[in-house]
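S.K.: To be precise about what I am sending: the file is called my_file.cif and holds mmCIF, C-alpha atoms.
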data_work
#
loop_
_atom_site.group_PDB
_atom_site.id
_atom_site.type_symbol
_atom_site.label_atom_id
_atom_site.label_comp_id
_atom_site.auth_asym_id
_atom_site.auth_seq_id
_atom_site.Cartn_x
_atom_site.Cartn_y
_atom_site.Cartn_z
ATOM 1 C CA MET D 1 121.768 -29.539 35.787
ATOM 2 C CA THR D 2 124.972 -27.886 36.968
ATOM 3 C CA ALA D 3 125.882 -28.463 40.639
ATOM 4 C CA PRO D 4 126.545 -25.401 42.786
ATOM 5 C CA ALA D 5 130.161 -24.440 43.168
ATOM 6 C CA GLY D 6 131.787 -25.962 46.225
ATOM 7 C CA PRO D 7 134.396 -24.445 48.538
ATOM 8 C CA HIS D 8 137.197 -25.767 46.303
ATOM 9 C CA SER D 9 135.643 -24.917 42.931
ATOM 10 C CA PRO D 10 137.490 -22.567 40.469
ATOM 11 C CA SER D 11 135.010 -19.702 41.159
ATOM 12 C CA GLN D 12 136.114 -19.572 44.817
ATOM 13 C CA ARG D 13 139.860 -20.066 44.298
ATOM 14 C CA SER D 14 142.370 -18.415 46.683
ATOM 15 C CA PRO D 15 144.321 -15.371 45.295
ATOM 16 C CA SER D 16 147.768 -16.123 44.019
ATOM 17 C CA GLU D 17 150.911 -14.962 45.833
ATOM 18 C CA GLN D 18 151.526 -12.340 43.145
ATOM 19 C CA GLU D 19 148.005 -10.934 43.585
ATOM 20 C CA VAL D 20 148.490 -10.706 47.363
ATOM 21 C CA ARG D 21 151.798 -8.877 46.909
ATOM 22 C CA SER D 22 150.202 -6.485 44.440
ATOM 23 C CA LEU D 23 147.366 -5.727 46.879
ATOM 24 C CA VAL D 24 149.797 -5.112 49.754
ATOM 25 C CA GLU D 25 151.884 -2.767 47.607
ATOM 26 C CA ARG D 26 148.821 -0.705 46.682
ATOM 27 C CA ILE D 27 147.833 -0.410 50.359
ATOM 28 C CA LEU D 28 151.351 0.652 51.381
ATOM 29 C CA ASP D 29 151.496 3.220 48.587
ATOM 30 C CA GLY D 30 148.258 4.741 49.850
ATOM 31 C CA VAL D 31 149.508 4.911 53.462
ATOM 32 C CA ILE D 32 152.790 6.536 52.446
ATOM 33 C CA ALA D 33 150.982 9.063 50.258
ATOM 34 C CA SER D 34 148.671 10.073 53.127
ATOM 35 C CA ASP D 35 151.611 10.437 55.529
ATOM 36 C CA SER D 36 153.423 12.728 53.108
ATOM 37 C CA LYS D 37 150.619 15.293 53.168
ATOM 38 C CA PRO D 38 151.462 18.410 55.221
ATOM 39 C CA VAL D 39 150.054 18.241 58.740
ATOM 40 C CA PRO D 40 148.118 21.428 59.607
ATOM 41 C CA GLU D 41 149.550 23.373 62.512
ATOM 42 C CA SER D 42 147.520 23.356 65.702
ATOM 43 C CA LEU D 43 145.458 26.447 66.350
ATOM 44 C CA PRO D 44 147.322 28.916 68.544
ATOM 45 C CA GLY D 45 145.986 29.460 72.042
ATOM 46 C CA PRO D 46 145.531 32.845 73.650
ATOM 47 C CA PRO D 47 148.808 34.748 73.914
ATOM 48 C CA ILE D 48 150.483 34.583 77.301
ATOM 49 C CA VAL D 49 151.226 38.130 78.374
ATOM 50 C CA PRO D 50 153.808 38.452 81.172
ATOM 51 C CA ALA D 51 152.830 40.566 84.146
ATOM 52 C CA ALA D 52 155.623 43.004 83.358
ATOM 53 C CA GLU D 53 154.085 43.673 79.944
ATOM 54 C CA ARG D 54 150.555 44.003 81.329
ATOM 55 C CA GLU D 55 151.893 46.590 83.756
ATOM 56 C CA ALA D 56 154.270 48.296 81.354
ATOM 57 C CA GLY D 57 156.123 51.013 83.214
ATOM 58 C CA ALA D 58 154.709 49.962 86.578
ATOM 59 C CA LYS D 59 156.901 50.938 89.486
ATOM 60 C CA ILE D 60 156.418 49.219 92.831
ATOM 61 C CA ALA D 61 157.538 50.578 96.204
ATOM 62 C CA VAL D 62 158.462 47.934 98.767
ATOM 63 C CA GLY D 63 159.183 48.326 102.456
ATOM 64 C CA ALA D 64 159.380 46.377 105.704
ATOM 65 C CA ASP D 65 160.353 46.514 109.328
ATOM 66 C CA HIS D 66 163.014 44.206 110.770
ATOM 67 C CA GLY D 67 160.520 41.321 111.084
ATOM 68 C CA GLY D 68 159.545 41.575 107.438
ATOM 69 C CA PHE D 69 163.008 42.375 106.096
ATOM 70 C CA PRO D 70 163.968 38.870 104.814
ATOM 71 C CA LEU D 71 160.631 38.370 103.060
ATOM 72 C CA LYS D 72 160.738 41.878 101.605
ATOM 73 C CA GLU D 73 164.158 41.146 100.134
ATOM 74 C CA ARG D 74 162.910 37.972 98.451
ATOM 75 C CA ILE D 75 159.807 39.673 97.073
ATOM 76 C CA ALA D 76 161.830 42.605 95.722
ATOM 77 C CA PHE D 77 164.252 40.213 94.027
ATOM 78 C CA ARG D 78 161.451 38.244 92.358
ATOM 79 C CA LEU D 79 159.661 41.412 91.267
ATOM 80 C CA LYS D 80 162.825 42.571 89.527
ATOM 81 C CA GLU D 81 163.153 39.154 87.885
ATOM 82 C CA ALA D 82 159.587 39.557 86.609
ATOM 83 C CA GLY D 83 160.506 42.870 85.016
ATOM 84 C CA TYR D 84 159.073 45.379 87.474
ATOM 85 C CA ASP D 85 160.826 48.595 88.465
ATOM 86 C CA VAL D 86 161.259 48.341 92.241
ATOM 87 C CA LEU D 87 161.834 51.184 94.695
ATOM 88 C CA ASP D 88 163.124 49.807 98.003
ATOM 89 C CA CYS D 89 162.103 52.038 100.911
ATOM 90 C CA GLY D 90 163.930 49.912 103.525
ATOM 91 C CA THR D 91 164.627 48.682 106.095
ATOM 92 C CA ASN D 92 167.850 47.058 104.981
ATOM 93 C CA SER D 93 168.840 44.913 107.944
ATOM 94 C CA HIS D 94 167.570 42.840 110.868
ATOM 95 C CA GLU D 95 168.161 45.717 113.276
ATOM 96 C CA ALA D 96 164.992 46.667 115.175
ATOM 97 C CA VAL D 97 163.027 49.554 113.629
ATOM 98 C CA ASP D 98 159.475 50.919 113.768
ATOM 99 C CA TYR D 99 157.086 49.654 111.089
ATOM 100 C CA PRO D 100 155.129 52.963 110.773
ATOM 101 C CA ASP D 101 158.167 54.670 109.287
ATOM 102 C CA PHE D 102 158.435 52.217 106.399
ATOM 103 C CA ALA D 103 154.728 51.742 105.795
ATOM 104 C CA HIS D 104 154.437 55.528 105.589
ATOM 105 C CA ALA D 105 157.363 55.741 103.162
ATOM 106 C CA VAL D 106 155.777 53.206 100.799
ATOM 107 C CA ALA D 107 152.310 54.759 101.047
ATOM 108 C CA ARG D 108 153.721 58.206 100.322
ATOM 109 C CA GLU D 109 155.314 56.973 97.088
ATOM 110 C CA VAL D 110 151.995 55.526 95.928
ATOM 111 C CA ALA D 111 149.933 58.554 96.952
ATOM 112 C CA SER D 112 152.276 60.915 95.104
ATOM 113 C CA GLY D 113 152.026 58.875 91.923
ATOM 114 C CA ALA D 114 155.737 58.092 91.916
ATOM 115 C CA CYS D 115 154.867 54.399 92.231
ATOM 116 C CA ARG D 116 151.808 52.613 90.927
ATOM 117 C CA TYR D 117 151.695 50.031 93.725
ATOM 118 C CA GLY D 118 153.181 49.452 97.155
ATOM 119 C CA ILE D 119 153.987 46.318 99.146
ATOM 120 C CA VAL D 120 154.771 46.444 102.872
ATOM 121 C CA VAL D 121 155.828 43.542 105.071
ATOM 122 C CA ASP D 122 155.859 43.413 108.864
ATOM 123 C CA GLY D 123 155.205 40.705 111.424
ATOM 124 C CA ALA D 124 151.418 40.514 110.989
ATOM 125 C CA GLY D 125 150.708 43.067 108.255
ATOM 126 C CA ILE D 126 148.022 44.752 110.361
ATOM 127 C CA GLY D 127 149.959 47.743 111.643
ATOM 128 C CA SER D 128 151.370 48.574 108.219
ATOM 129 C CA ALA D 129 147.870 48.517 106.721
ATOM 130 C CA MET D 130 146.663 50.927 109.394
ATOM 131 C CA VAL D 131 149.541 53.313 108.751
ATOM 132 C CA ALA D 132 149.262 53.204 104.962
ATOM 133 C CA ASN D 133 145.525 53.897 105.071
ATOM 134 C CA LYS D 134 146.165 57.159 106.945
ATOM 135 C CA VAL D 135 147.772 58.560 103.791
ATOM 136 C CA PRO D 136 145.195 60.193 101.482
ATOM 137 C CA GLY D 137 144.834 58.359 98.185
ATOM 138 C CA VAL D 138 145.995 55.016 99.548
ATOM 139 C CA ARG D 139 143.779 51.931 99.804
ATOM 140 C CA ALA D 140 145.884 49.373 101.630
ATOM 141 C CA ALA D 141 144.764 45.767 102.085
ATOM 142 C CA LEU D 142 146.178 43.086 104.340
ATOM 143 C CA CYS D 143 146.054 39.834 102.361
ATOM 144 C CA TYR D 144 146.802 36.391 103.706
ATOM 145 C CA ASP D 145 145.579 34.119 100.870
ATOM 146 C CA LEU D 146 144.757 34.235 97.155
ATOM 147 C CA SER D 147 141.084 34.992 97.770
ATOM 148 C CA THR D 148 141.763 38.128 99.812
ATOM 149 C CA ALA D 149 144.378 39.242 97.271
ATOM 150 C CA ARG D 150 141.893 38.859 94.430
ATOM 151 C CA ASN D 151 139.063 40.544 96.304
ATOM 152 C CA SER D 152 141.129 43.527 97.422
ATOM 153 C CA ARG D 153 142.065 44.339 93.839
ATOM 154 C CA GLU D 154 138.823 43.519 92.024
ATOM 155 C CA HIS D 155 136.377 44.924 94.598
ATOM 156 C CA ASN D 156 138.356 47.479 96.615
ATOM 157 C CA HIS D 157 140.820 48.835 94.045
ATOM 158 C CA ALA D 158 143.675 48.359 96.539
ATOM 159 C CA ASN D 159 146.932 50.036 95.585
ATOM 160 C CA VAL D 160 149.010 48.926 98.585
ATOM 161 C CA LEU D 161 149.414 45.314 99.707
ATOM 162 C CA THR D 162 150.512 44.451 103.243
ATOM 163 C CA LEU D 163 151.781 41.042 104.278
ATOM 164 C CA GLY D 164 152.509 39.383 107.611
ATOM 165 C CA ALA D 165 155.847 37.597 107.502
ATOM 166 C CA GLY D 166 155.030 35.822 110.764
ATOM 167 C CA LEU D 167 151.771 34.432 109.350
ATOM 168 C CA ILE D 168 152.663 33.172 105.871
ATOM 169 C CA GLY D 169 155.678 31.565 104.255
ATOM 170 C CA GLU D 170 157.700 32.827 101.316
ATOM 171 C CA ALA D 171 156.001 30.588 98.745
ATOM 172 C CA LEU D 172 152.492 31.706 99.686
ATOM 173 C CA ALA D 173 153.597 35.336 99.973
ATOM 174 C CA TRP D 174 154.861 35.325 96.390
ATOM 175 C CA GLN D 175 151.677 33.635 95.154
ATOM 176 C CA ILE D 176 149.671 36.388 96.850
ATOM 177 C CA VAL D 177 151.830 39.079 95.235
ATOM 178 C CA GLU D 178 151.423 37.480 91.790
ATOM 179 C CA GLU D 179 147.659 37.197 92.207
ATOM 180 C CA TRP D 180 147.339 40.732 93.554
ATOM 181 C CA LEU D 181 149.260 42.214 90.637
ATOM 182 C CA SER D 182 147.453 40.159 87.978
ATOM 183 C CA VAL D 183 143.845 40.888 88.984
ATOM 184 C CA GLU D 184 142.164 43.800 87.238
ATOM 185 C CA TRP D 185 140.058 46.416 89.026
ATOM 186 C CA GLY D 186 136.429 45.342 88.577
ATOM 187 C CA GLY D 187 134.809 48.765 88.337
ATOM 188 C CA ASP D 188 131.031 48.728 87.697
ATOM 189 C CA ARG D 189 129.137 48.385 90.974
ATOM 190 C CA HIS D 190 132.404 48.371 92.942
ATOM 191 C CA ALA D 191 133.300 51.831 91.606
ATOM 192 C CA ARG D 192 130.398 53.412 93.489
ATOM 193 C CA ARG D 193 131.536 51.897 96.763
ATOM 194 C CA VAL D 194 135.187 52.820 96.328
ATOM 195 C CA ALA D 195 134.075 56.359 95.472
ATOM 196 C CA LYS D 196 132.339 56.466 98.864
ATOM 197 C CA ILE D 197 135.588 55.422 100.554
ATOM 198 C CA ASP D 198 137.371 58.281 98.829
ATOM 199 C CA ASP D 199 134.568 60.692 99.722
ATOM 200 C CA ILE D 200 134.814 59.818 103.414
ATOM 201 C CA GLU D 201 138.557 60.406 103.236
ATOM 202 C CA ARG D 202 138.013 63.831 101.681
ATOM 203 C CA GLN D 203 135.461 64.789 104.340
ATOM 204 C CA TYR D 204 137.912 64.176 107.161
ATOM 205 C CA SER D 205 140.814 65.716 105.241
ATOM 206 C CA LYS D 206 138.785 68.926 104.930
ATOM 207 C CA SER D 207 137.927 68.790 108.616
ATOM 208 C CA VAL D 208 141.576 68.461 109.631
ATOM 209 C CA THR D 209 142.565 71.293 107.270
ATOM 210 C CA SER D 210 139.893 73.599 108.745
ATOM 211 C CA GLN D 211 141.086 72.921 112.289
ATOM 212 C CA ASP D 212 144.693 73.609 111.319
ATOM 213 C CA GLN D 213 143.720 76.976 109.835
ATOM 214 C CA ARG D 214 142.058 78.220 113.047
#
Show me this structure written as structure tokens.
M.R.:
Amino acid sequence: MTAPAGPHSPSQRSPSEQEVRSLVERILDGVIASDSKPVPESLPGPPIVPAAEREAGAKIAVGADHGGFPLKERIAFRLKEAGYDVLDCGTNSHEAVDYPDFAHAVAREVASGACRYGIVVDGAGIGSAMVANKVPGVRAALCYDLSTARNSREHNHANVLTLGAGLIGEALAWQIVEEWLSVEWGGDRHARRVAKIDDIERQYSKSVTSQDQR
């Protein structure tokens, strides 16, 4: 009877050095061959469309009183860098002026269709919003954070943005401007409500016209 092969029997012999080298070479050849295959390109993500391209041809009127002058200058500069066509309605210095004059100038450009949007800066942004909203066709919104900027565009179809230079810093102001310009008008259920705003405006415009004709 033949005894079972032990750990050192010929049937369990260790591979020779040449066999080991041959095995290693075959493995390396396989690795090199797999690395030489063309690597597929990653799938492209959604195209990044600059704001200036989304708003092709958009012209923006900017204005400020003396308190908002420095911030207005910075915003106008950055808008131009972003590719917007900017109409500067003043003021152009730190000399004291009256904010209604400049808020009115910006609102008038938007109402006439000469500019698509308007941005007005004063100390708190409140007075300029009041003035701009007296101009038929203007829906001015005072925004002080990204949420109000988004809401004013999506829900209220705002076409004039007012900012308070005494309430927010330059960095936040620019973030608000970017958000305000990037958000699309929501339409749908909001359209009915904005239409009511416009209807109220027309009612009082007719009333004023009738009184003037007497």
S.K.: State, in Å with one decimal place, the distance from CA of Glu73 (chain D) to CA of Glu154 (chain D).
M.R.: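 Answer for the CA of Glu73 (chain D) to CA of Glu154 (chain D) separation: 26.7 Å.
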S.K.: Which residues would end up in the selection if the PyMOL selection byres ((chain D and resi 86) around 6) were applied here, given that I need the answer as a compact mmCIF listing (two decimals) with C-alpha atoms, in the coordinates of the input?
M.R.:
# COMPACT_ATOMS: atom_id res chain seq x y z
CA LYS D 59 156.90 50.94 89.49
CA ILE D 60 156.42 49.22 92.83
CA ALA D 61 157.54 50.58 96.20
CA ASP D 85 160.83 48.60 88.46
CA LEU D 87 161.83 51.18 94.70
S.K.: Identify which of the residues D:Arg139, D:Ala114, D:Glu170, D:Gln203 lies closest to Phe69 (chain D), counting all atoms listed in the file when measuring atom-to-atom distances.
M.R.: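 Among the listed residues, the smallest separation from Phe69 (chain D) belongs to D:Glu170.
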S.K.: The centre and edge lengths of an axis-aligned box containing all atoms of region 98-102 of chain D present in the file, extended by 4 Å on each side, are to be given in Å to one decimal, as lines of an AutoDock Vina configuration file.
M.R.:
center_x = 157.3
center_y = 52.2
center_z = 110.1
size_x = 12.3
size_y = 13.0
size_z = 15.4
S.K.: Work out how far CA of Ala141 (chain D) is from CA of Ala129 (chain D), in Å to one decimal.
M.R.: 6.2 Å
S.K.: Pick from D:Ile168, D:Ile176, D:Val120, D:Ala64: nearest to Ser147 (chain D), with only C-alpha atoms counted?
M.R.: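 When distances to Ser147 (chain D) are compared using only C-alpha atoms, the smallest one comes from D:Ile176.
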S.K.: To test your reading of the syntax: which residues would the PyMOL selection byres ((chain D and resi 63) around 12) return for the file shown? Reply as a PyMOL selection string.
M.R.: chain D and resi 60-62+64-76+86-93+97-109+117-122+125+128+132+160-163
S.K.: Restricting the calculation to only C-alpha atoms: of D:Val131, D:Val138, D:Val177, D:Val183, which residue gets closest to Arg153 (chain D)?
M.R.: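 Under the stated criterion, the closest residue is D:Val183.
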S.K.: Just give me the gap between CA of Phe77 (chain D) and CA of Gly127 (chain D) in Å, one decimal is fine.
M.R.: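 That distance, rounded to one decimal, is 23.9 Å.
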S.K.: Generate N, CA and C atoms for region 103-119 of chain D and emit them as a PDB file, keeping the file's coordinate frame.
M.R.:
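Writing done, so here's selection15.pdb:
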ATOM      1  N   ALA D 103     156.056  51.791 106.411  1.00  0.00           N
ATOM      2  CA  ALA D 103     154.728  51.742 105.795  1.00  0.00           C
ATOM      3  C   ALA D 103     154.358  53.121 105.253  1.00  0.00           C
ATOM      4  N   HIS D 104     154.700  54.155 106.023  1.00  0.00           N
ATOM      5  CA  HIS D 104     154.437  55.528 105.589  1.00  0.00           C
ATOM      6  C   HIS D 104     155.245  55.864 104.337  1.00  0.00           C
ATOM      7  N   ALA D 105     156.502  55.453 104.313  1.00  0.00           N
ATOM      8  CA  ALA D 105     157.363  55.741 103.162  1.00  0.00           C
ATOM      9  C   ALA D 105     156.809  55.127 101.882  1.00  0.00           C
ATOM     10  N   VAL D 106     156.347  53.884 101.973  1.00  0.00           N
ATOM     11  CA  VAL D 106     155.777  53.206 100.799  1.00  0.00           C
ATOM     12  C   VAL D 106     154.472  53.880 100.379  1.00  0.00           C
ATOM     13  N   ALA D 107     153.605  54.146 101.350  1.00  0.00           N
ATOM     14  CA  ALA D 107     152.310  54.759 101.047  1.00  0.00           C
ATOM     15  C   ALA D 107     152.486  56.130 100.406  1.00  0.00           C
ATOM     16  N   ARG D 108     153.467  56.871 100.864  1.00  0.00           N
ATOM     17  CA  ARG D 108     153.721  58.206 100.322  1.00  0.00           C
ATOM     18  C   ARG D 108     154.122  58.136  98.851  1.00  0.00           C
ATOM     19  N   GLU D 109     154.898  57.133  98.482  1.00  0.00           N
ATOM     20  CA  GLU D 109     155.314  56.973  97.088  1.00  0.00           C
ATOM     21  C   GLU D 109     154.114  56.664  96.194  1.00  0.00           C
ATOM     22  N   VAL D 110     153.191  55.875  96.709  1.00  0.00           N
ATOM     23  CA  VAL D 110     151.995  55.526  95.928  1.00  0.00           C
ATOM     24  C   VAL D 110     151.057  56.725  95.826  1.00  0.00           C
ATOM     25  N   ALA D 111     150.843  57.410  96.936  1.00  0.00           N
ATOM     26  CA  ALA D 111     149.933  58.554  96.952  1.00  0.00           C
ATOM     27  C   ALA D 111     150.415  59.674  96.040  1.00  0.00           C
ATOM     28  N   SER D 112     151.720  59.843  95.936  1.00  0.00           N
ATOM     29  CA  SER D 112     152.276  60.915  95.104  1.00  0.00           C
ATOM     30  C   SER D 112     152.236  60.581  93.624  1.00  0.00           C
ATOM     31  N   GLY D 113     152.012  59.302  93.321  1.00  0.00           N
ATOM     32  CA  GLY D 113     152.026  58.875  91.923  1.00  0.00           C
ATOM     33  C   GLY D 113     153.393  58.434  91.444  1.00  0.00           C
ATOM     34  N   ALA D 114     154.395  58.531  92.299  1.00  0.00           N
ATOM     35  CA  ALA D 114     155.737  58.092  91.916  1.00  0.00           C
ATOM     36  C   ALA D 114     155.775  56.591  91.657  1.00  0.00           C
ATOM     37  N   CYS D 115     154.965  55.841  92.409  1.00  0.00           N
ATOM     38  CA  CYS D 115     154.867  54.399  92.231  1.00  0.00           C
ATOM     39  C   CYS D 115     153.408  54.021  92.029  1.00  0.00           C
ATOM     40  N   ARG D 116     153.187  53.036  91.187  1.00  0.00           N
ATOM     41  CA  ARG D 116     151.808  52.613  90.927  1.00  0.00           C
ATOM     42  C   ARG D 116     151.262  51.768  92.067  1.00  0.00           C
ATOM     43  N   TYR D 117     152.105  50.916  92.635  1.00  0.00           N
ATOM     44  CA  TYR D 117     151.695  50.031  93.725  1.00  0.00           C
ATOM     45  C   TYR D 117     152.713  50.071  94.854  1.00  0.00           C
ATOM     46  N   GLY D 118     152.285  49.574  96.019  1.00  0.00           N
ATOM     47  CA  GLY D 118     153.181  49.452  97.155  1.00  0.00           C
ATOM     48  C   GLY D 118     152.976  48.115  97.844  1.00  0.00           C
ATOM     49  N   ILE D 119     154.043  47.569  98.390  1.00  0.00           N
ATOM     50  CA  ILE D 119     153.987  46.318  99.146  1.00  0.00           C
ATOM     51  C   ILE D 119     154.779  46.520 100.432  1.00  0.00           C
TER      52      ILE D 119
END
